$ cat coords-v3.cif   # mmCIF, C-alpha atoms
data_query
loop_
_atom_site.label_atom_id
_atom_site.label_comp_id
_atom_site.auth_asym_id
_atom_site.auth_seq_id
_atom_site.Cartn_x
_atom_site.Cartn_y
_atom_site.Cartn_z
CA MET J 956 7.53 29.92 3.10
CA SER J 957 10.56 29.38 5.32
CA ARG J 958 11.97 26.47 3.27
CA ARG J 959 11.45 25.03 -0.17
CA LEU J 960 8.47 22.72 -0.46
CA ILE J 961 9.19 19.28 -1.95
CA THR J 962 6.40 18.09 -4.23
CA ALA J 963 5.64 14.64 -5.62
CA LEU J 964 2.94 13.11 -7.81
CA GLU J 965 1.60 9.54 -7.78
CA ILE J 966 1.05 7.74 -11.09
CA ASP J 967 -1.51 4.94 -10.72
CA GLY J 968 -3.35 3.89 -13.88
CA ALA J 969 -5.58 6.75 -14.99
CA GLY J 970 -5.68 8.13 -11.44
CA GLY J 971 -6.69 7.26 -7.91
CA HIS J 972 -10.40 7.09 -8.68
CA PRO J 973 -11.43 3.62 -9.90
CA GLY J 974 -13.52 5.25 -12.64
CA ALA J 975 -10.86 7.72 -13.84
CA TRP J 976 -10.35 5.74 -17.05
CA ARG J 977 -13.96 6.44 -18.09
CA GLY J 978 -13.41 10.20 -18.36
CA ALA J 979 -14.55 11.79 -21.61
CA ASP J 980 -11.01 12.96 -22.40
CA VAL J 981 -9.30 9.68 -21.49
CA ASP J 982 -8.23 7.08 -24.02
CA PRO J 983 -8.25 3.81 -22.00
CA GLY J 984 -5.68 2.33 -24.36
CA ALA J 985 -3.24 5.09 -23.37
CA ILE J 986 -3.04 3.52 -19.91
CA LEU J 987 -1.47 0.41 -21.41
CA THR J 988 0.92 2.19 -23.76
CA GLY J 989 2.28 4.43 -20.98
CA SER J 990 1.39 7.60 -22.89
CA LEU J 991 -1.17 8.68 -20.28
CA ALA J 992 1.43 8.42 -17.53
CA LEU J 993 4.08 10.10 -19.68
CA ARG J 994 1.82 13.08 -20.37
CA ALA J 995 1.09 13.49 -16.65
CA VAL J 996 4.76 13.28 -15.67
CA GLN J 997 5.80 15.76 -18.34
CA ARG J 998 3.13 18.19 -17.13
CA ALA J 999 4.33 17.74 -13.58
CA GLU J 1000 7.97 18.25 -14.57
CA ALA J 1001 7.20 21.43 -16.52
CA ALA J 1002 5.37 22.82 -13.48
CA GLY J 1003 8.27 22.13 -11.11
CA ILE J 1004 7.19 18.96 -9.30
CA ASP J 1005 10.23 17.18 -7.90
CA ILE J 1006 9.24 13.51 -8.00
CA ALA J 1007 6.89 11.11 -9.75
CA THR J 1008 6.14 7.89 -7.89
CA PHE J 1009 4.61 4.88 -9.62
CA ALA J 1010 2.16 2.60 -7.82
CA ASP J 1011 2.56 -1.16 -8.09
CA THR J 1012 1.89 -4.44 -6.27
CA LEU J 1013 2.73 -8.07 -6.86
CA GLU J 1014 -0.98 -8.87 -7.00
CA ALA J 1015 -2.99 -8.33 -10.17
CA PRO J 1016 -5.73 -5.68 -9.86
CA ALA J 1017 -9.14 -7.11 -9.04
CA ASP J 1018 -11.10 -8.21 -12.10
CA VAL J 1019 -14.32 -6.32 -11.44
CA ALA J 1020 -16.84 -4.65 -13.72
CA ASP J 1021 -16.23 -1.00 -14.67
CA ALA J 1022 -12.63 -1.02 -13.42
CA VAL J 1023 -9.27 -1.37 -15.16
CA SER J 1024 -8.01 -4.84 -14.23
CA VAL J 1025 -4.45 -4.49 -15.55
CA ARG J 1026 -1.47 -2.39 -14.47
CA LEU J 1027 1.86 -1.67 -16.11
CA ASP J 1028 4.96 -2.69 -14.21
CA ALA J 1029 6.08 0.40 -12.29
CA LEU J 1030 9.80 -0.09 -12.89
CA GLY J 1031 9.30 -0.61 -16.62
CA LEU J 1032 7.02 2.43 -16.83
CA ALA J 1033 9.57 4.63 -15.04
CA ALA J 1034 12.28 3.40 -17.41
CA ARG J 1035 10.00 4.21 -20.37
CA ILE J 1036 9.44 7.75 -19.09
CA ALA J 1037 13.04 8.50 -18.07
CA PRO J 1038 14.45 9.36 -21.54
CA ALA J 1039 11.44 11.58 -22.25
CA THR J 1040 12.03 13.74 -19.15
CA SER J 1041 15.05 15.67 -17.86
CA ARG J 1042 14.45 17.05 -14.36
CA ILE J 1043 11.85 15.09 -12.40
CA GLY J 1044 12.81 12.21 -10.10
CA LEU J 1045 11.34 8.79 -10.90
CA LEU J 1046 10.51 6.38 -8.06
CA PRO J 1047 8.70 3.13 -8.97
CA THR J 1048 7.23 1.01 -6.20
CA ILE J 1049 9.12 -2.28 -5.86
CA THR J 1050 7.82 -4.98 -3.55
CA VAL J 1051 10.79 -6.67 -1.91
CA THR J 1052 8.81 -9.60 -0.52
CA HIS J 1053 9.39 -12.68 -2.72
CA THR J 1054 11.79 -10.79 -5.04
CA GLU J 1055 15.56 -11.24 -5.16
CA PRO J 1056 17.43 -8.35 -3.45
CA PHE J 1057 20.36 -8.65 -5.87
CA HIS J 1058 18.12 -8.11 -8.89
CA VAL J 1059 16.12 -5.37 -7.17
CA GLN J 1060 19.20 -3.25 -6.54
CA ALA J 1061 20.52 -3.85 -10.05
CA SER J 1062 17.19 -2.70 -11.53
CA VAL J 1063 17.16 0.48 -9.45
CA ALA J 1064 20.79 1.21 -10.35
CA THR J 1065 19.95 0.76 -14.03
CA LEU J 1066 17.02 3.19 -13.71
CA ASP J 1067 19.43 5.72 -12.22
CA TYR J 1068 21.61 5.38 -15.31
CA VAL J 1069 18.66 5.58 -17.72
CA SER J 1070 17.43 8.76 -16.00
CA SER J 1071 20.91 10.33 -15.66
CA GLY J 1072 20.79 10.42 -11.87
CA ARG J 1073 17.07 10.89 -11.22
CA GLY J 1074 16.24 7.34 -10.14
CA GLY J 1075 15.07 5.79 -6.93
CA TRP J 1076 12.44 3.44 -5.59
CA VAL J 1077 9.59 3.12 -3.11
CA ALA J 1078 10.35 -0.03 -1.11
CA ASP J 1079 7.22 -1.99 -0.19
CA VAL J 1080 6.21 -5.37 1.24
CA SER J 1081 3.37 -7.80 0.59
CA THR J 1082 1.50 -9.78 3.24
CA SER J 1083 -1.09 -11.21 0.88
CA ALA J 1084 -1.68 -14.87 0.21
CA GLU J 1085 -2.42 -14.03 -3.43
CA ALA J 1086 1.07 -12.62 -4.05
CA ALA J 1087 2.63 -15.55 -2.24
CA SER J 1088 0.72 -18.03 -4.40
CA VAL J 1089 1.61 -16.17 -7.60
CA ILE J 1090 5.32 -16.22 -6.81
CA GLY J 1091 5.21 -19.62 -5.11
CA ARG J 1092 8.31 -19.24 -2.97
CA ARG J 1093 6.98 -19.08 0.57
CA GLU J 1094 3.91 -18.51 2.71
CA PRO J 1095 2.73 -15.03 3.79
CA ALA J 1096 4.50 -13.64 6.85
CA PRO J 1097 3.57 -11.03 9.49
CA ALA J 1098 4.08 -7.42 8.46
CA ALA J 1099 6.64 -6.81 11.20
CA ASP J 1100 8.85 -9.61 9.84
CA LEU J 1101 8.49 -8.40 6.27
CA TRP J 1102 9.42 -4.81 7.08
CA ARG J 1103 12.43 -6.08 9.03
CA GLU J 1104 13.44 -8.00 5.92
CA ALA J 1105 12.87 -4.85 3.83
CA ARG J 1106 15.39 -3.06 6.01
CA TYR J 1107 17.98 -5.69 5.13
CA VAL J 1108 17.14 -5.32 1.43
CA VAL J 1109 17.67 -1.55 1.62
CA ASP J 1110 20.96 -2.05 3.46
CA VAL J 1111 22.38 -4.64 1.06
CA SER J 1112 21.25 -2.59 -1.93
CA ARG J 1113 23.37 0.32 -0.78
CA ARG J 1114 26.31 -1.98 -0.15
CA LEU J 1115 25.99 -3.47 -3.63
CA TRP J 1116 25.80 0.02 -5.15
CA ASP J 1117 29.09 0.69 -3.35
CA SER J 1118 30.65 -2.58 -4.53
CA TRP J 1119 32.05 -0.75 -7.57
CA ASP J 1120 34.37 2.19 -6.98
CA ASP J 1121 33.37 5.25 -8.97
CA ASP J 1122 36.50 4.83 -11.10
CA ALA J 1123 36.30 1.03 -11.49
CA ILE J 1124 35.77 1.28 -15.27
CA ILE J 1125 39.19 2.09 -16.72
CA ARG J 1126 38.81 1.19 -20.46
CA ASP J 1127 42.53 0.42 -20.71
CA ALA J 1128 42.81 -0.52 -24.40
CA PRO J 1129 46.57 -1.33 -24.42
CA THR J 1130 46.10 -4.06 -21.79
CA GLY J 1131 42.60 -5.07 -22.92
CA ARG J 1132 41.11 -4.32 -19.49
CA PHE J 1133 37.70 -2.66 -19.26
CA VAL J 1134 37.35 -2.89 -15.47
CA ASP J 1135 39.96 -2.76 -12.73
CA ARG J 1136 38.97 -5.80 -10.68
CA ASP J 1137 40.77 -4.39 -7.63
CA ARG J 1138 38.14 -1.64 -7.58
CA LEU J 1139 35.27 -4.11 -7.29
CA HIS J 1140 34.43 -5.44 -3.85
CA TYR J 1141 32.66 -8.39 -2.26
CA VAL J 1142 29.91 -7.31 0.14
CA ASP J 1143 29.66 -10.71 1.91
CA TYR J 1144 26.26 -9.77 3.29
CA GLN J 1145 24.43 -12.11 5.65
CA SER J 1146 20.94 -11.60 7.03
CA PRO J 1147 18.37 -13.94 8.58
CA ASN J 1148 16.61 -14.06 5.21
CA PHE J 1149 19.33 -14.11 2.55
CA ASN J 1150 23.08 -14.04 1.93
CA ILE J 1151 24.77 -12.11 -0.90
CA LYS J 1152 28.44 -12.17 -1.82
CA GLY J 1153 28.49 -9.60 -4.63
CA PRO J 1154 29.75 -7.48 -6.25
CA SER J 1155 26.89 -6.01 -8.25
CA ILE J 1156 26.57 -6.54 -11.99
CA VAL J 1157 25.91 -2.80 -12.51
CA PRO J 1158 28.56 -0.09 -11.94
CA ARG J 1159 28.01 2.38 -9.12
CA PRO J 1160 24.96 4.51 -9.99
CA PRO J 1161 25.31 8.22 -10.91
CA GLN J 1162 23.87 9.27 -7.53
CA GLY J 1163 26.00 6.76 -5.62
CA HIS J 1164 22.81 5.65 -3.89
CA PRO J 1165 19.52 6.17 -5.76
CA VAL J 1166 16.88 7.67 -3.47
CA THR J 1167 15.07 5.15 -1.25
CA ALA J 1168 11.51 5.97 -0.19
CA VAL J 1169 9.14 4.19 2.18
CA ARG J 1170 5.40 4.68 2.54
CA VAL J 1171 4.60 4.61 6.27
CA ASN J 1172 1.01 3.37 6.30
CA THR J 1173 1.53 0.94 9.21
CA PRO J 1174 3.55 1.15 12.45
CA ASP J 1175 5.72 -1.72 11.20
CA ALA J 1176 6.91 0.38 8.26
CA LEU J 1177 8.74 2.71 10.65
CA GLU J 1178 11.50 0.09 10.89
CA ALA J 1179 12.40 0.56 7.25
CA ALA J 1180 11.57 4.28 7.18
CA ALA J 1181 14.43 4.88 9.60
CA HIS J 1182 16.75 3.99 6.71
CA ALA J 1183 14.98 5.92 3.95
CA GLU J 1184 15.87 9.28 2.45
CA LEU J 1185 12.22 9.96 1.63
CA VAL J 1186 9.17 9.05 3.71
CA LEU J 1187 5.61 9.19 2.37
CA LEU J 1188 3.17 9.68 5.22
CA PRO J 1189 -0.48 8.94 4.30
CA GLY J 1190 -3.00 11.01 6.25
CA ALA J 1191 -2.52 14.22 8.18
CA GLU J 1192 -3.92 13.39 11.63
CA HIS J 1193 -1.49 13.94 14.54
CA LEU J 1194 0.99 15.04 11.91
CA ALA J 1195 3.62 16.70 14.10
CA GLU J 1196 3.79 13.69 16.42
CA ARG J 1197 4.14 11.25 13.53
CA VAL J 1198 6.85 13.32 11.87
CA ASP J 1199 8.74 13.45 15.17
CA ALA J 1200 8.43 9.66 15.51
CA ILE J 1201 9.83 9.10 12.01
CA ARG J 1202 12.79 11.40 12.59
CA ALA J 1203 13.46 9.92 16.04
CA ALA J 1204 13.52 6.44 14.50
CA ALA J 1205 16.00 7.63 11.89
CA ARG J 1206 18.25 9.15 14.56
CA GLY J 1207 18.08 6.61 17.32
CA ASP J 1208 17.35 3.06 16.24
CA GLY J 1209 21.01 2.12 16.62
CA SER J 1210 21.46 1.00 13.02
CA GLU J 1211 23.20 2.55 10.08
CA PRO J 1212 21.40 5.67 8.78
CA ALA J 1213 20.98 6.55 5.14
CA ALA J 1214 24.32 7.89 4.01
CA GLY J 1215 24.39 11.60 3.25
CA SER J 1216 20.76 12.05 4.12
CA GLY J 1217 20.78 14.49 7.02
CA GLY J 1218 17.57 12.74 8.06
CA PRO J 1219 14.65 11.68 5.88
CA ARG J 1220 12.55 14.11 3.91
CA VAL J 1221 8.96 13.60 5.07
CA LEU J 1222 6.04 14.19 2.69
CA VAL J 1223 2.32 14.05 3.47
CA SER J 1224 0.67 11.74 0.94
CA VAL J 1225 -2.80 12.99 0.09
CA GLY J 1226 -5.45 11.77 -2.33
CA VAL J 1227 -6.93 14.83 -4.07
CA LEU J 1228 -9.85 15.64 -6.33
CA LEU J 1229 -9.79 19.28 -7.36
CA ASP J 1230 -12.79 21.22 -8.62
CA ALA J 1231 -13.96 24.71 -7.68
CA ASP J 1232 -17.56 23.62 -8.26
CA SER J 1233 -18.47 21.74 -5.08
CA ALA J 1234 -21.40 19.93 -6.68
CA ALA J 1235 -19.24 18.78 -9.60
CA ALA J 1236 -16.55 17.70 -7.17
CA GLU J 1237 -18.98 15.58 -5.19
CA ARG J 1238 -20.23 13.93 -8.36
CA ARG J 1239 -16.71 13.12 -9.49
CA ALA J 1240 -15.79 11.79 -6.05
CA GLU J 1241 -18.66 9.31 -5.93
CA GLY J 1242 -17.27 5.80 -5.74
CA GLY J 1243 -13.79 6.89 -4.64
CA SER J 1244 -12.06 7.78 -1.40
CA PHE J 1245 -9.99 10.97 -1.10
CA ASP J 1246 -8.35 13.02 1.60
CA TYR J 1247 -9.29 16.31 -0.03
CA VAL J 1248 -12.14 17.24 -2.38
CA GLY J 1249 -12.51 20.91 -3.32
CA GLY J 1250 -10.72 23.96 -4.69
CA VAL J 1251 -7.03 24.74 -4.91
CA GLU J 1252 -7.09 27.59 -2.38
CA GLY J 1253 -8.29 25.30 0.39
CA LEU J 1254 -5.69 22.68 -0.44
CA ALA J 1255 -2.93 25.31 -0.56
CA ASP J 1256 -3.91 26.42 2.94
CA LEU J 1257 -3.74 22.83 4.17
CA VAL J 1258 -0.31 22.30 2.62
CA ARG J 1259 0.98 25.41 4.38
CA LYS J 1260 -0.35 24.08 7.71
CA TRP J 1261 1.29 20.72 7.11
CA GLN J 1262 4.59 22.40 6.35
CA ALA J 1263 4.29 24.43 9.55
CA ALA J 1264 3.80 21.11 11.39
CA GLY J 1265 7.24 20.01 10.21
CA VAL J 1266 6.82 18.12 6.95
CA ASP J 1267 9.12 18.81 4.02
CA GLY J 1268 6.52 18.53 1.31
CA VAL J 1269 3.43 16.91 -0.13
CA HIS J 1270 2.81 13.83 -2.28
CA PHE J 1271 -0.29 14.32 -4.44
CA ARG J 1272 -2.35 11.27 -5.42
CA PRO J 1273 -4.71 12.72 -8.05
CA ALA J 1274 -8.16 11.27 -8.67
CA SER J 1275 -7.62 11.66 -12.42
CA LEU J 1276 -4.34 12.20 -14.23
CA GLU J 1277 -6.12 13.97 -17.09
CA LEU J 1278 -8.33 16.24 -14.95
CA ASP J 1279 -6.43 16.88 -11.73
CA VAL J 1280 -2.78 17.04 -12.81
CA PRO J 1281 -3.34 20.14 -15.02
CA VAL J 1282 -5.09 21.85 -12.09
CA ILE J 1283 -2.23 20.96 -9.75
CA ALA J 1284 0.32 22.19 -12.28
CA GLU J 1285 -1.39 25.37 -13.45
CA LYS J 1286 -3.32 26.56 -10.40
CA LEU J 1287 -2.13 24.91 -7.18
CA LEU J 1288 1.65 25.02 -7.55
CA PRO J 1289 1.77 28.77 -8.27
CA LEU J 1290 -0.10 29.33 -4.99
CA LEU J 1291 2.58 27.26 -3.25
CA GLN J 1292 5.37 29.19 -5.03
CA VAL J 1293 6.63 26.04 -6.76
CA ALA J 1294 8.44 26.55 -10.07
CA ALA J 1295 10.76 24.55 -12.33
CA ALA J 1296 13.96 26.28 -11.24
CA ASP J 1297 16.61 23.59 -11.61
CA ARG J 1298 18.31 22.70 -14.89
CA PRO J 1299 18.32 19.38 -16.73
CA GLY J 1300 21.17 17.24 -15.44
CA THR J 1301 20.49 17.96 -11.78
CA THR J 1302 20.36 14.70 -9.83
CA LEU J 1303 17.41 13.88 -7.62
CA ARG J 1304 19.63 13.83 -4.54
CA ASN J 1305 20.81 17.35 -5.36
CA ARG J 1306 17.24 18.47 -5.90
CA LEU J 1307 16.26 17.14 -2.47
CA GLY J 1308 19.33 18.58 -0.76
CA LEU J 1309 20.88 15.16 -0.14
CA ALA J 1310 24.64 14.68 -0.35
CA ARG J 1311 26.11 12.05 -2.65
CA PRO J 1312 27.26 9.27 -0.27
CA ALA J 1313 30.89 8.30 -0.06
CA ASN J 1314 31.68 4.75 -1.14
CA ARG J 1315 32.12 2.62 1.99
CA TYR J 1316 34.53 0.27 0.19
CA ALA J 1317 36.77 2.93 -1.36
CA ASN J 1318 40.48 2.29 -0.82
CA GLY J 1319 39.61 -1.29 0.12
CA VAL J 1320 38.27 -0.37 3.57
CA ALA J 1321 34.65 -1.18 4.40
CA ARG J 1322 32.82 1.41 6.45
#

$ encode --input "coords-v3.cif" --output "structure tokens"
Amino acid sequence: MSRRLITALEIDGAGGHPGAWRGADVDPGAILTGSLALRAVQRAEAAGIDIATFADTLEAPADVADAVSVRLDALGLAARIAPATSRIGLLPTITVTHTEPFHVQASVATLDYVSSGRGGWVADVSTSAEAASVIGRREPAPAADLWREARYVVDVSRRLWDSWDDDAIIRDAPTGRFVDRDRLHYVDYQSPNFNIKGPSIVPRPPQGHPVTAVRVNTPDALEAAAHAELVLLPGAEHLAERVDAIRAAARGDGSEPAAGSGGPRVLVSVGVLLDADSAAAERRAEGGSFDYVGGVEGLADLVRKWQAAGVDGVHFRPASLELDVPVIAEKLLPLLQVAAADRPGTTLRNRLGLARPANRYANGVAR
């Protein structure tokens, strides 16, 4: 391949199939302890996968028969897994609708510390009346308005991450000063939706800016994707045109781009159920919806075609963590020439080829 393929894996309960938890080798209780997710992420890390994303919503899963009706908080799960891994990036989904931007950015910064520079987030919005009623702060809004607000949340998060200089913590014992207050900065951020003075309550993260991802499953999400370092693109139809639209939005929307990004990394997000036995695959797929059902050779060919169309990688959403992740790790990735080449301690930005952003407030001058 002409360039290194970026790979990511979605963690969502026992897998993308609603019946994945009923597998013979699955302990349903392991979903709630986090051990099922941890095992999948460790397998992915050992095989060389770059990123684990964690699905989440503000709404509770539907309480229906034969389905798991609970879900662990994605941010908490990523924080649980961080100390038990050393190379893979960890990106929980965080819904910015109804949540406080100041606390969102502080949580993501903390994850970056817990993971030693492998943290990030998938910024998402919620248009549902259920989420609005659960939180109780405001009525549902149109998606276009919510994604515009999400752009402000991403922007202020980066400013708050910059509100501490990298050398703000001085630990000056003779004078009793832990922090040099002259190296902390007000952000004085005003948007149509919220105002934040700052500075943050968390020092500048190890990566400067943890990696921001956006899942572009609606046209409205393009507004926020223009500011992301990582874009997850569900579906592969008209792929080249959609990739061009994402990169054009990042270059030319007239707003501030993601610092040090060199443009977003675009990944095709694909739901997969892998089984060389076509009859067995069809039986497993019954009741679910997937983009690809079949053997690893066919999926490897598709990934190569997607990469030729201009994407930087692929985001696998496995039907079953217990059944499909081992196949991805042991059979598919070798076909794609993916291996765990980097050492522990490598930041996620380094792994993705993203520069560490300069602090816009350094030397007291906002940029």

$ residues_near_point --input "coords-v3.cif" --point "(17.8, 9.2, 0.6)" --cutoff "6 Å" --atoms "all atoms listed in the file" --output "ChimeraX atom specification"
/J:1166-1167,1183-1185,1216

$ residues_near_point --input "coords-v3.cif" --point "(6.7, 17.2, 7.3)" --cutoff "12 Å" --atoms "all atoms listed in the file" --output "number ranges by chain"
J: 958-962, 1185-1191, 1193-1202, 1218-1224, 1258-1270

$ atom_distance --input "coords-v3.cif" --atom1 "CA of Ile986 (chain J)" --atom2 "CA of Glu1277 (chain J)"
11.3 Å

$ resolve_selection --input "coords-v3.cif" --expression "the PyMOL selection byres ((chain J and resi 1254) around 12)" --output "MDAnalysis selection string"
chainID J and resid 1225:1231 1246:1253 1255:1261 1269 1271 1282:1283 1286:1288 1290:1291

$ closest_residue --input "coords-v3.cif" --among "J:Glu1178, J:Glu1000, J:Asp982, J:Asp1143" --to "Val1109 (chain J)" --atoms "all atoms listed in the file"
J:Glu1178

$ closest_residue --input "coords-v3.cif" --among "J:Pro973, J:Gly1044, J:Gly1131, J:Pro1056" --to "Asn1150 (chain J)" --atoms "all atoms listed in the file"
J:Pro1056

$ closest_residue --input "coords-v3.cif" --among "J:Ile1049, J:Leu1276, J:Leu1309, J:Ala1087" --to "Ala969 (chain J)" --atoms "only C-alpha atoms"
J:Leu1276

$ closest_residue --input "coords-v3.cif" --among "J:Phe1057, J:Arg1103, J:Leu964, J:Ser1081" --to "Tyr1144 (chain J)" --atoms "all atoms listed in the file"
J:Phe1057

$ atom_distance --input "coords-v3.cif" --atom1 "CA of Arg1106 (chain J)" --atom2 "CA of Pro1165 (chain J)"
15.5 Å

$ residues_around --input "coords-v3.cif" --residues "region 1034-1040 of chain J" --least-positions-apart "2" --cutoff "10 Å" --atoms "all atoms listed in the file" --output "number ranges by chain"
J: 988-990, 992-994, 996-997, 1000-1001, 1029-1032, 1042-1047, 1062-1063, 1065-1071, 1073-1074, 1299

$ resolve_selection --input "coords-v3.cif" --expression "the PyMOL selection byres ((chain J and resi 1011) around 10)" --output "VMD selection string"
chain J and resid 966 to 968 1008 to 1010 1012 to 1016 1026 to 1030 1047 to 1050 1077 1079

$ resolve_selection --input "coords-v3.cif" --expression "the PyMOL selection byres ((chain J and resi 1138) around 6)" --output "MDAnalysis selection string"
chainID J and resid 1120 1123 1135:1137 1139

$ residues_around --input "coords-v3.cif" --residues "Gln1162 (chain J)" --least-positions-apart "2" --cutoff "7 Å" --atoms "all atoms listed in the file" --output "list in words"
Gly1072, Pro1160, His1164, Pro1165, Thr1302, Arg1304 and Arg1311 of chain J

$ atom_distance --input "coords-v3.cif" --atom1 "CA of Val1142 (chain J)" --atom2 "CA of Ala1317 (chain J)"
12.4 Å

$ closest_residue --input "coords-v3.cif" --among "J:His1140, J:Arg1306, J:Arg1159, J:Arg1092" --to "Ile1124 (chain J)" --atoms "all atoms listed in the file"
J:Arg1159

$ closest_residue --input "coords-v3.cif" --among "J:Glu1104, J:Glu1094, J:Glu1192, J:Asp1297" --to "Pro1147 (chain J)" --atoms "all atoms listed in the file"
J:Glu1104

$ decode --input "coords-v3.cif" --residues "region 969-995 of chain J" --atoms "C-alpha atoms" --output "JSON list (two decimals), in the first residue's frame"
[["chain", "number", "residue", "atom", "x", "y", "z"],
["J", 969, "ALA", "CA", -20.98, -7.13, 23.34],
["J", 970, "GLY", "CA", -20.89, -6.01, 19.70],
["J", 971, "GLY", "CA", -22.99, -4.40, 17.01],
["J", 972, "HIS", "CA", -25.44, -7.28, 16.76],
["J", 973, "PRO", "CA", -28.29, -6.91, 19.28],
["J", 974, "GLY", "CA", -27.94, -10.61, 20.14],
["J", 975, "ALA", "CA", -24.14, -10.64, 20.54],
["J", 976, "TRP", "CA", -24.46, -11.01, 24.32],
["J", 977, "ARG", "CA", -26.18, -14.39, 23.87],
["J", 978, "GLY", "CA", -23.11, -16.02, 22.30],
["J", 979, "ALA", "CA", -22.03, -19.30, 23.84],
["J", 980, "ASP", "CA", -18.64, -17.87, 24.80],
["J", 981, "VAL", "CA", -19.97, -14.58, 26.19],
["J", 982, "ASP", "CA", -20.50, -13.90, 29.87],
["J", 983, "PRO", "CA", -23.25, -11.22, 29.90],
["J", 984, "GLY", "CA", -22.02, -9.97, 33.25],
["J", 985, "ALA", "CA", -18.66, -9.13, 31.65],
["J", 986, "ILE", "CA", -20.41, -6.38, 29.68],
["J", 987, "LEU", "CA", -21.18, -4.55, 32.91],
["J", 988, "THR", "CA", -17.78, -5.04, 34.54],
["J", 989, "GLY", "CA", -15.92, -3.74, 31.46],
["J", 990, "SER", "CA", -13.88, -6.93, 31.16],
["J", 991, "LEU", "CA", -15.44, -7.85, 27.81],
["J", 992, "ALA", "CA", -14.49, -4.48, 26.36],
["J", 993, "LEU", "CA", -11.03, -4.62, 27.94],
["J", 994, "ARG", "CA", -10.32, -8.02, 26.38],
["J", 995, "ALA", "CA", -11.37, -6.75, 22.94]]
